[in-house]
$ cat upload_8.txt   # compact mmCIF, C-alpha atoms
# COMPACT_ATOMS: atom_id res chain seq x y z
CA MET G 1 44.98 -10.97 6.58
CA LEU G 2 48.58 -9.92 7.18
CA ILE G 3 49.27 -6.60 8.94
CA HIS G 4 52.70 -5.01 8.61
CA THR G 5 53.75 -2.49 11.22
CA LYS G 6 56.99 -0.77 11.99
CA PHE G 7 56.95 -2.33 15.44
CA THR G 8 56.84 -6.06 14.72
CA LYS G 9 56.96 -8.77 12.12
CA PRO G 10 53.87 -9.52 10.02
CA VAL G 11 51.14 -11.17 12.08
CA LYS G 12 47.96 -12.95 11.17
CA LEU G 13 44.79 -11.82 12.93
CA PRO G 14 41.56 -13.87 12.47
CA CYS G 15 36.87 -12.86 13.33
CA MET G 16 36.07 -9.19 14.24
CA SER G 17 35.36 -6.52 11.63
CA LEU G 18 36.16 -2.83 11.92
CA ASP G 19 35.18 -0.04 9.55
CA CYS G 20 37.87 2.57 9.06
CA ALA G 21 37.47 5.77 7.02
CA PHE G 22 40.65 7.44 5.80
CA VAL G 23 40.40 11.20 5.46
CA GLU G 24 42.68 13.51 3.56
CA GLY G 25 42.31 17.10 4.76
CA SER G 26 38.62 17.76 5.36
CA ASP G 27 37.31 15.63 2.48
CA MET G 28 36.65 11.91 2.86
CA THR G 29 38.57 10.33 -0.03
CA SER G 30 38.18 6.60 0.52
CA THR G 31 36.66 4.05 2.84
CA MET G 32 38.09 0.58 3.43
CA ARG G 33 36.99 -2.35 5.56
CA PHE G 34 39.44 -4.51 7.49
CA HIS G 35 38.58 -7.92 8.91
CA PHE G 36 40.57 -9.20 11.87
CA LEU G 37 40.33 -12.47 13.74
CA PHE G 38 41.15 -12.09 17.42
CA PHE G 39 41.98 -15.05 19.58
CA SER G 40 43.25 -15.07 23.14
CA HIS G 41 46.09 -12.84 24.36
CA GLU G 42 48.43 -15.83 24.09
CA GLN G 43 47.54 -16.35 20.41
CA MET G 44 47.77 -12.67 19.53
CA ARG G 45 51.30 -11.68 18.43
CA LEU G 46 50.71 -7.96 17.87
CA PRO G 47 52.40 -5.99 20.71
CA LEU G 48 50.02 -3.95 22.86
CA ARG G 49 51.66 -0.63 21.95
CA SER G 50 51.29 -1.39 18.22
CA PHE G 51 47.62 -2.31 18.64
CA CYS G 52 46.84 0.84 20.66
CA ILE G 53 48.44 3.06 18.04
CA PHE G 54 46.58 1.25 15.25
CA ARG G 55 43.27 1.54 17.13
CA SER G 56 43.93 5.26 17.68
CA VAL G 57 44.44 5.76 13.93
CA ILE G 58 41.12 4.03 13.24
CA ALA G 59 39.31 6.19 15.81
CA ARG G 60 40.72 9.39 14.34
CA GLY G 61 39.70 8.31 10.85
CA GLN G 62 36.16 7.55 11.97
CA ALA G 63 35.87 10.91 13.79
CA ALA G 64 37.15 12.79 10.76
CA ALA G 65 34.67 10.98 8.53
CA VAL G 66 31.80 12.14 10.76
CA GLN G 67 33.11 15.71 10.62
CA SER G 68 33.34 15.65 6.83
CA ARG G 69 29.74 14.45 6.58
CA GLY G 70 28.28 17.36 8.48
CA LEU G 71 25.72 17.06 11.25
CA SER G 72 23.39 14.22 10.45
CA GLY G 73 24.65 12.39 7.41
CA ALA G 74 21.20 12.94 5.87
CA ALA G 75 20.41 14.48 2.49
CA MET G 76 17.42 16.81 2.88
CA ARG G 77 15.92 20.12 1.82
CA LEU G 78 14.60 21.80 4.99
CA VAL G 79 12.15 24.71 4.77
CA GLN G 80 10.18 27.10 6.94
CA PHE G 81 6.61 27.81 5.91
CA ARG G 82 3.16 28.93 6.94
CA HIS G 83 -0.09 27.18 6.11
CA ARG G 84 -2.14 29.68 4.17
CA GLY G 85 -4.96 31.10 6.27
CA GLU G 86 -3.37 30.15 9.60
CA GLY G 87 -2.01 33.52 10.62
CA ALA G 88 1.59 33.87 11.75
CA SER G 89 2.20 30.23 12.75
CA VAL G 90 5.64 29.17 11.47
CA ARG G 91 6.38 25.50 10.74
CA VAL G 92 9.46 23.52 9.73
CA GLY G 93 9.17 21.06 6.88
CA VAL G 94 11.12 18.80 4.55
CA GLU G 95 10.69 19.08 0.79
CA GLN G 96 9.98 15.83 -1.03
CA GLY G 97 12.09 17.25 -3.83
CA GLU G 98 13.03 20.70 -5.10
CA GLY G 99 9.77 22.58 -5.61
CA HIS G 100 7.65 19.60 -4.52
CA SER G 101 5.25 19.07 -1.62
CA VAL G 102 6.44 19.46 1.97
CA VAL G 103 6.31 17.13 4.97
CA ASP G 104 5.13 19.07 8.05
CA LEU G 105 7.61 18.08 10.76
CA LYS G 106 5.53 19.17 13.75
CA ALA G 107 2.47 17.34 12.42
CA PHE G 108 4.63 14.22 12.14
CA ASP G 109 6.08 14.63 15.66
CA PRO G 110 4.40 17.22 17.93
CA SER G 111 7.48 17.30 20.16
CA MET G 112 9.48 18.93 17.36
CA PRO G 113 9.94 22.73 17.38
CA SER G 114 8.30 25.20 15.02
CA THR G 115 11.37 27.10 13.78
CA MET G 116 14.52 26.10 11.95
CA ARG G 117 16.78 27.67 14.54
CA GLU G 118 15.17 25.59 17.30
CA LEU G 119 15.41 22.48 15.15
CA LEU G 120 19.13 23.03 14.59
CA GLU G 121 19.63 23.57 18.32
CA LEU G 122 18.47 19.97 18.81
CA GLY G 123 21.46 18.79 16.79
CA ASP G 124 21.33 15.33 15.23
CA LYS G 125 18.15 14.48 17.15
CA GLY G 126 16.17 17.09 15.22
CA LEU G 127 17.68 16.28 11.84
CA GLU G 128 17.20 12.55 12.34
CA CYS G 129 13.51 13.17 13.12
CA ALA G 130 13.24 15.20 9.91
CA GLN G 131 14.79 12.31 8.01
CA ARG G 132 12.26 9.86 9.48
CA ALA G 133 9.41 12.23 8.63
CA LEU G 134 10.57 12.47 5.02
CA ALA G 135 10.91 8.69 4.72
CA SER G 136 7.43 8.13 6.20
CA GLY G 137 5.61 9.95 3.39
CA LYS G 138 3.09 11.15 5.98
CA CYS G 139 1.87 14.64 6.96
CA VAL G 140 2.42 15.98 3.45
CA VAL G 141 1.11 19.44 2.55
CA ASP G 142 0.69 20.62 -1.00
CA ARG G 143 2.95 23.40 -2.18
CA ALA G 144 -0.06 25.48 -3.22
CA ASP G 145 -1.37 25.45 0.36
CA ILE G 146 1.70 26.99 2.00
CA GLN G 147 3.72 30.20 1.95
CA LEU G 148 7.43 29.49 1.87
CA LEU G 149 9.48 31.63 4.27
CA SER G 150 13.20 32.20 4.63
CA PRO G 151 14.70 28.88 5.78
CA VAL G 152 16.09 30.71 8.83
CA THR G 153 14.41 33.64 10.56
CA GLY G 154 15.68 35.52 13.59
CA PRO G 155 19.28 34.28 13.56
CA GLU G 156 21.61 35.77 16.14
CA LYS G 157 24.09 36.74 13.42
CA VAL G 158 24.16 37.40 9.69
CA VAL G 159 27.85 37.35 8.75
CA CYS G 160 28.85 38.64 5.31
CA VAL G 161 32.10 38.41 3.35
CA GLY G 162 33.22 41.11 0.94
CA MET G 163 35.49 40.80 -2.10
CA ASN G 164 35.45 37.00 -1.93
CA TYR G 165 35.33 36.08 -5.65
CA ARG G 166 38.48 36.27 -7.73
CA ASP G 167 36.55 37.35 -10.82
CA HIS G 168 34.72 40.05 -8.81
CA CYS G 169 38.07 41.44 -7.64
CA LEU G 170 39.27 41.51 -11.24
CA GLU G 171 36.08 43.34 -12.22
CA GLN G 172 37.09 46.17 -9.88
CA ASN G 173 40.85 46.01 -10.51
CA ALA G 174 41.15 45.26 -6.80
CA PRO G 175 43.83 43.09 -5.15
CA ILE G 176 42.94 39.62 -3.85
CA PRO G 177 42.35 39.97 -0.09
CA LYS G 178 44.84 38.24 2.19
CA GLU G 179 42.26 37.87 4.98
CA PRO G 180 38.46 37.60 4.81
CA ILE G 181 36.74 41.00 4.73
CA ILE G 182 33.90 40.63 7.24
CA PHE G 183 30.83 42.82 7.70
CA ASN G 184 27.25 42.08 8.68
CA LYS G 185 23.57 42.63 8.14
CA PHE G 186 21.02 42.83 10.91
CA PRO G 187 18.63 39.85 11.06
CA SER G 188 15.75 42.25 10.36
CA ALA G 189 17.03 42.49 6.76
CA ILE G 190 16.00 38.88 6.07
CA THR G 191 13.02 38.24 3.84
CA GLY G 192 11.67 35.12 2.17
CA PRO G 193 12.62 33.55 -1.14
CA TYR G 194 9.65 35.22 -2.86
CA GLY G 195 9.28 38.29 -0.64
CA ASP G 196 9.46 41.84 -1.95
CA ILE G 197 12.62 43.95 -1.98
CA ILE G 198 11.55 47.35 -0.64
CA LEU G 199 13.31 50.33 -2.20
CA PRO G 200 14.10 52.76 0.64
CA SER G 201 13.45 56.44 -0.02
CA GLU G 202 16.89 57.15 1.47
CA SER G 203 18.75 55.46 -1.41
CA GLN G 204 18.86 55.93 -5.15
CA GLU G 205 21.46 53.22 -5.88
CA VAL G 206 20.11 49.82 -4.84
CA ASP G 207 22.04 46.91 -6.36
CA TRP G 208 21.85 43.10 -6.58
CA GLU G 209 24.37 40.46 -5.39
CA VAL G 210 23.66 36.74 -5.76
CA GLU G 211 25.51 34.79 -3.06
CA LEU G 212 26.04 31.28 -1.73
CA ALA G 213 24.99 31.23 1.92
CA PHE G 214 25.46 28.62 4.62
CA VAL G 215 23.94 28.12 8.05
CA ILE G 216 25.69 27.06 11.25
CA GLY G 217 24.31 23.90 12.84
CA ARG G 218 26.11 23.67 16.19
CA ARG G 219 27.81 25.90 18.71
CA GLY G 220 31.55 26.52 18.46
CA LYS G 221 34.41 28.89 19.20
CA HIS G 222 38.01 28.75 17.94
CA ILE G 223 36.99 26.04 15.46
CA LYS G 224 39.80 24.36 13.56
CA GLU G 225 39.53 24.57 9.80
CA GLU G 226 39.77 20.80 9.44
CA ASP G 227 36.73 20.44 11.75
CA ALA G 228 34.75 23.38 10.40
CA LEU G 229 32.41 21.59 7.98
CA SER G 230 30.97 19.54 10.85
CA TYR G 231 29.56 22.83 12.20
CA VAL G 232 27.66 23.60 8.98
CA ALA G 233 24.03 22.47 8.70
CA GLY G 234 23.60 23.30 5.03
CA PHE G 235 23.56 25.79 2.18
CA THR G 236 21.03 28.16 0.63
CA VAL G 237 20.71 31.02 -1.87
CA ALA G 238 21.01 34.68 -0.84
CA ASN G 239 20.76 38.11 -2.40
CA ASP G 240 22.98 40.63 -0.62
CA VAL G 241 20.94 43.64 -1.73
CA SER G 242 23.09 46.76 -1.34
CA ALA G 243 22.49 50.51 -1.32
CA ARG G 244 25.71 51.60 -3.02
CA ASP G 245 25.37 55.29 -2.16
CA TRP G 246 25.33 54.45 1.56
CA GLN G 247 27.97 51.74 1.17
CA MET G 248 30.47 53.73 -0.90
CA LYS G 249 29.78 57.42 -0.30
CA ARG G 250 27.89 58.02 2.94
CA ASN G 251 28.43 57.29 6.63
CA GLY G 252 32.22 57.29 6.38
CA LYS G 253 32.04 54.58 3.70
CA GLN G 254 31.26 51.96 6.32
CA TRP G 255 29.25 49.18 4.73
CA LEU G 256 26.68 48.34 7.40
CA LEU G 257 23.92 50.87 6.69
CA GLY G 258 24.06 50.30 2.95
CA LYS G 259 23.63 46.57 3.48
CA THR G 260 20.98 46.28 6.15
CA PHE G 261 17.82 48.10 5.08
CA ASP G 262 14.70 46.02 5.70
CA SER G 263 14.23 43.30 3.04
CA PHE G 264 17.88 43.52 1.91
CA CYS G 265 18.59 39.83 2.57
CA PRO G 266 16.30 37.47 0.64
CA LEU G 267 17.11 33.83 1.55
CA GLY G 268 15.92 30.44 0.38
CA PRO G 269 14.19 28.56 -0.92
CA ALA G 270 15.48 25.74 1.33
CA LEU G 271 18.29 24.87 3.70
CA VAL G 272 19.98 22.14 1.69
CA THR G 273 21.94 19.88 4.03
CA THR G 274 25.63 19.41 3.36
CA ASP G 275 25.20 15.78 2.28
CA THR G 276 22.86 16.87 -0.52
CA VAL G 277 25.45 19.15 -2.16
CA THR G 278 28.18 17.39 -4.13
CA ASP G 279 30.67 20.26 -3.86
CA PRO G 280 29.55 23.70 -2.63
CA HIS G 281 32.63 25.22 -4.22
CA ASN G 282 31.89 24.03 -7.73
CA LEU G 283 28.35 25.23 -8.42
CA SER G 284 27.09 27.50 -11.17
CA ILE G 285 25.74 30.77 -9.76
CA ARG G 286 23.64 33.35 -11.64
CA CYS G 287 21.54 36.46 -11.16
CA LEU G 288 18.86 37.62 -13.58
CA VAL G 289 17.11 40.99 -13.59
CA ASN G 290 13.85 41.03 -15.55
CA GLY G 291 14.96 37.80 -17.22
CA ASP G 292 18.33 39.12 -18.39
CA THR G 293 21.45 37.44 -16.98
CA VAL G 294 23.58 40.00 -15.14
CA GLN G 295 25.83 37.68 -13.10
CA ASN G 296 27.09 34.30 -14.29
CA SER G 297 29.97 32.53 -12.58
CA ASN G 298 30.90 29.51 -10.46
CA THR G 299 31.51 29.15 -6.74
CA ASP G 300 34.97 27.78 -7.57
CA GLN G 301 35.93 31.47 -7.79
CA ILE G 302 35.42 31.88 -4.02
CA ILE G 303 38.68 32.89 -2.33
CA PHE G 304 37.96 32.00 1.31
CA LYS G 305 35.84 28.86 1.27
CA THR G 306 33.32 27.60 3.83
CA ALA G 307 35.72 25.89 6.23
CA ALA G 308 38.13 28.84 6.21
CA LEU G 309 35.33 31.31 6.96
CA VAL G 310 33.96 29.25 9.87
CA ALA G 311 37.45 28.97 11.38
CA TRP G 312 38.23 32.66 10.86
CA VAL G 313 35.02 34.15 12.24
CA SER G 314 34.96 31.75 15.20
CA LYS G 315 38.23 33.29 16.37
CA PHE G 316 36.28 36.43 17.20
CA VAL G 317 32.74 35.31 18.10
CA THR G 318 30.99 32.17 19.25
CA LEU G 319 28.97 30.67 16.43
CA ILE G 320 25.57 29.22 17.32
CA PRO G 321 22.91 27.22 15.46
CA GLY G 322 21.05 29.36 12.93
CA ASP G 323 23.84 31.85 12.28
CA VAL G 324 23.85 32.74 8.57
CA PHE G 325 26.96 33.36 6.44
CA LEU G 326 26.84 35.10 3.04
CA THR G 327 30.02 34.22 1.16
CA GLY G 328 30.42 37.00 -1.40
CA THR G 329 29.27 37.73 -4.94
CA PRO G 330 30.67 37.20 -8.47
CA PRO G 331 31.09 39.96 -11.07
CA GLY G 332 28.21 41.66 -12.83
CA VAL G 333 26.76 43.90 -10.14
CA GLY G 334 25.09 47.10 -11.30
CA ALA G 335 27.53 49.50 -9.65
CA PHE G 336 30.46 48.47 -11.89
CA ARG G 337 28.60 48.54 -15.17
CA LYS G 338 29.24 51.35 -17.62
CA PRO G 339 27.06 53.24 -17.05
CA PRO G 340 25.96 51.90 -13.64
CA ILE G 341 22.52 50.27 -13.43
CA PHE G 342 20.42 50.18 -10.27
CA LEU G 343 17.15 48.54 -9.34
CA LYS G 344 13.83 50.33 -9.82
CA LYS G 345 10.26 49.60 -8.83
CA GLY G 346 8.75 46.75 -10.80
CA ASP G 347 12.06 44.96 -11.44
CA VAL G 348 12.21 41.23 -10.73
CA VAL G 349 15.47 39.77 -9.43
CA GLU G 350 16.12 36.03 -9.63
CA CYS G 351 19.15 34.45 -7.93
CA GLN G 352 20.03 30.88 -8.91
CA ILE G 353 22.57 28.40 -7.58
CA GLU G 354 22.97 24.90 -8.96
CA GLN G 355 21.60 22.15 -6.66
CA LEU G 356 20.17 24.73 -4.24
CA GLY G 357 17.39 26.35 -6.27
CA SER G 358 16.36 29.92 -6.97
CA ILE G 359 14.79 32.88 -5.19
CA ILE G 360 12.65 35.41 -7.04
CA ASN G 361 12.00 38.84 -5.52
CA LYS G 362 10.04 41.77 -6.92
CA VAL G 363 11.28 45.30 -6.27
CA VAL G 364 8.55 47.54 -4.80
$ encode --input "upload_8.txt" --output "C-alpha cells"
Amino acid sequence: MLIHTKFTKPVKLPCMSLDCAFVEGSDMTSTMRFHFLFFSHEQMRLPLRSFCIFRSVIARGQAAAVQSRGLSGAAMRLVQFRHRGEGASVRVGVEQGEGHSVVDLKAFDPSMPSTMRELLELGDKGLECAQRALASGKCVVDRADIQLLSPVTGPEKVVCVGMNYRDHCLEQNAPIPKEPIIFNKFPSAITGPYGDIILPSESQEVDWEVELAFVIGRRGKHIKEEDALSYVAGFTVANDVSARDWQMKRNGKQWLLGKTFDSFCPLGPALVTTDTVTDPHNLSIRCLVNGDTVQNSNTDQIIFKTAALVAWVSKFVTLIPGDVFLTGTPPGVGAFRKPPIFLKKGDVVECQIEQLGSIINKVV
C-alpha cells in the first residue's frame, strides 16, 4: 500500500494491521482498515515526525469512535423489577426483547448490584456483565412473574427542558429559545411505567406531556458537546405530568411545584442503551388519552438535542450515573386546546416512542 503525506514522497509499508475509525462531528460515518508492513528502521522510509502525526490521527479517530458508541457498545434493554411476592426487593434485569421475559442479572452474577444506578456506577464492567447474562439465556424470569419498575429510581437529579420542540413553540406562538430552558422535578415524582398518576387535591388542571428521556451513565463536568454522547447510558419514555394552575398561575409562575407532585414522572418501560437506538432524534412520539391520540410528532423537532443538553447542564452541575433528563414535549397538551382539557380520575394515559416502547398510567 502506498501512503502519501505532505512530509515525504510516497512510501511502501509492508505486515501489521491497524483499525482506524474516522468520525465526523459526534457521529461515526465510516470505518476503514489499513494494512501496513513494517520492516526495520533502516527499511522504513517514513520520517518519524510523519509517523507520529499519522499515529496520533488514528488514536483520535479510535477514541472518537468509542465516544460515539456510548458506554459499552452493547445493544440492550435494561429494566428494574420486583419478583411478585418478594416484598420490596429491587432487581436489575435485561429484557430478551421488548415486552419479553427478563434475565435476572443478580441471579446470573451475585456480585452485581440490585439497582440500575449502582449498575451504571460500575461503568462498562456492569454493562458488559449484563451483556453476558443476556447472551447466556440463563436466569430468565417470566414477565408475568415480575412487576416492572421505573428503569431508574432514586436518581440524584431529574433535569427537565422546557419549550424544546419547534412545533410545540409554534403551538403557543412562542419564540424558539436561544438557550435551553432548564427546570427540574424531585426524584420522589418518579413512578413506574404502569404506576398510577395521583391527582392531587391542590390542583384542578393536571396535564400530560410525552417526552424522550435519557439517563447519564458516567460522571462528568464541563463536558464537551462532541464527547457528550459517551456520557449517556440510554434512552427511555417519560410523561412530564404537569399541574398547569401551579405552573402558570400560582407560586410566582415558577414551574417546580406544578411539575413535582408525587407520581408526576412516569418512566419506562426500559433503559434502552444508545447502541440499540438508530437515531434518538428521528423517532415517532405519541401520547394517547383513553385511546385517543392527543400528541403525535417526531423527535426531529427537538431544538436542543441530547449532546447539547449534556454539555449545557454540565457547565453548572456535575452529572453522575443515574441522572435523568426529560427533553421536552411536542404539541397537543391539554392546556393549549380550545377549550383546555385536563386529566380526571379514571383516565388512562399512554406515552409511546418508537424503538423505546410505551408506558401506560391510570389516573386515580
$ residues_around --input "upload_8.txt" --residues "Asn361 of chain G" --least-positions-apart "5" --cutoff "9 Å" --atoms "all atoms listed in the file" --output "PyMOL selection string"
chain G and resi 192-197+266+347-351
$ write_last_selection --input "upload_8.txt" --atoms "C-alpha atoms" --output "compact mmCIF listing (two decimals), in the frame of the given file"
# COMPACT_ATOMS: atom_id res chain seq x y z
CA GLY G 192 11.67 35.12 2.17
CA PRO G 193 12.62 33.55 -1.14
CA TYR G 194 9.65 35.22 -2.86
CA GLY G 195 9.28 38.29 -0.64
CA ASP G 196 9.46 41.84 -1.95
CA ILE G 197 12.62 43.95 -1.98
CA PRO G 266 16.30 37.47 0.64
CA ASP G 347 12.06 44.96 -11.44
CA VAL G 348 12.21 41.23 -10.73
CA VAL G 349 15.47 39.77 -9.43
CA GLU G 350 16.12 36.03 -9.63
CA CYS G 351 19.15 34.45 -7.93
$ atom_distance --input "upload_8.txt" --atom1 "atom CA of Ile285 of chain G" --atom2 "atom CA of Ser297 of chain G"
5.4 Å
$ closest_residue --input "upload_8.txt" --among "G:Lys185, G:Arg82, G:Lys157, G:Arg244" --to "Trp208 of chain G" --atoms "only C-alpha atoms"
G:Arg244
$ atom_distance --input "upload_8.txt" --atom1 "atom CA of Val210 of chain G" --atom2 "atom CA of Asn298 of chain G"
11.3 Å
$ atom_distance --input "upload_8.txt" --atom1 "atom CA of Gly258 of chain G" --atom2 "atom CA of Ala233 of chain G"
28.4 Å
$ residues_around --input "upload_8.txt" --residues "Asp262 of chain G" --least-positions-apart "6" --cutoff "12 Å" --atoms "all atoms listed in the file" --output "VMD selection string"
chain G and resid 185 to 192 195 to 201 240 to 243
$ closest_atom_pairs --input "upload_8.txt" --of "segment 205-284 of chain G" --to "segment 110-129 of chain G" --cutoff "12 Å" --atoms "all atoms listed in the file" --output "tab-separated table"
residue	atom	partner	partner_atom	distance
G:Val215	CA	G:Leu120	CA	9.6
G:Ile216	CA	G:Leu120	CA	8.4
G:Gly217	CA	G:Leu120	CA	5.5
G:Arg218	CA	G:Gly123	CA	6.8
G:Arg219	CA	G:Glu121	CA	8.5
G:Ser230	CA	G:Gly123	CA	11.2
G:Tyr231	CA	G:Gly123	CA	10.1
G:Val232	CA	G:Leu120	CA	10.2
G:Ala233	CA	G:Leu120	CA	7.7
G:Gly234	CA	G:Leu120	CA	10.6
G:Ala270	CA	G:Met116	CA	10.7
G:Leu271	CA	G:Met116	CA	9.2
G:Val272	CA	G:Leu127	CA	11.9
G:Thr273	CA	G:Leu127	CA	9.6
$ residues_around --input "upload_8.txt" --residues "Pro155 of chain G" --least-positions-apart "6" --cutoff "7 Å" --atoms "only C-alpha atoms" --output "list in words"
Pro187, Gly322, Asp323 and Val324 of chain G
$ residues_near_point --input "upload_8.txt" --point "(29.5, 49.1, -7.8)" --cutoff "12 Å" --atoms "only C-alpha atoms" --output "PyMOL selection string"
chain G and resi 163+168-169+171-172+205-209+241-249+329-342
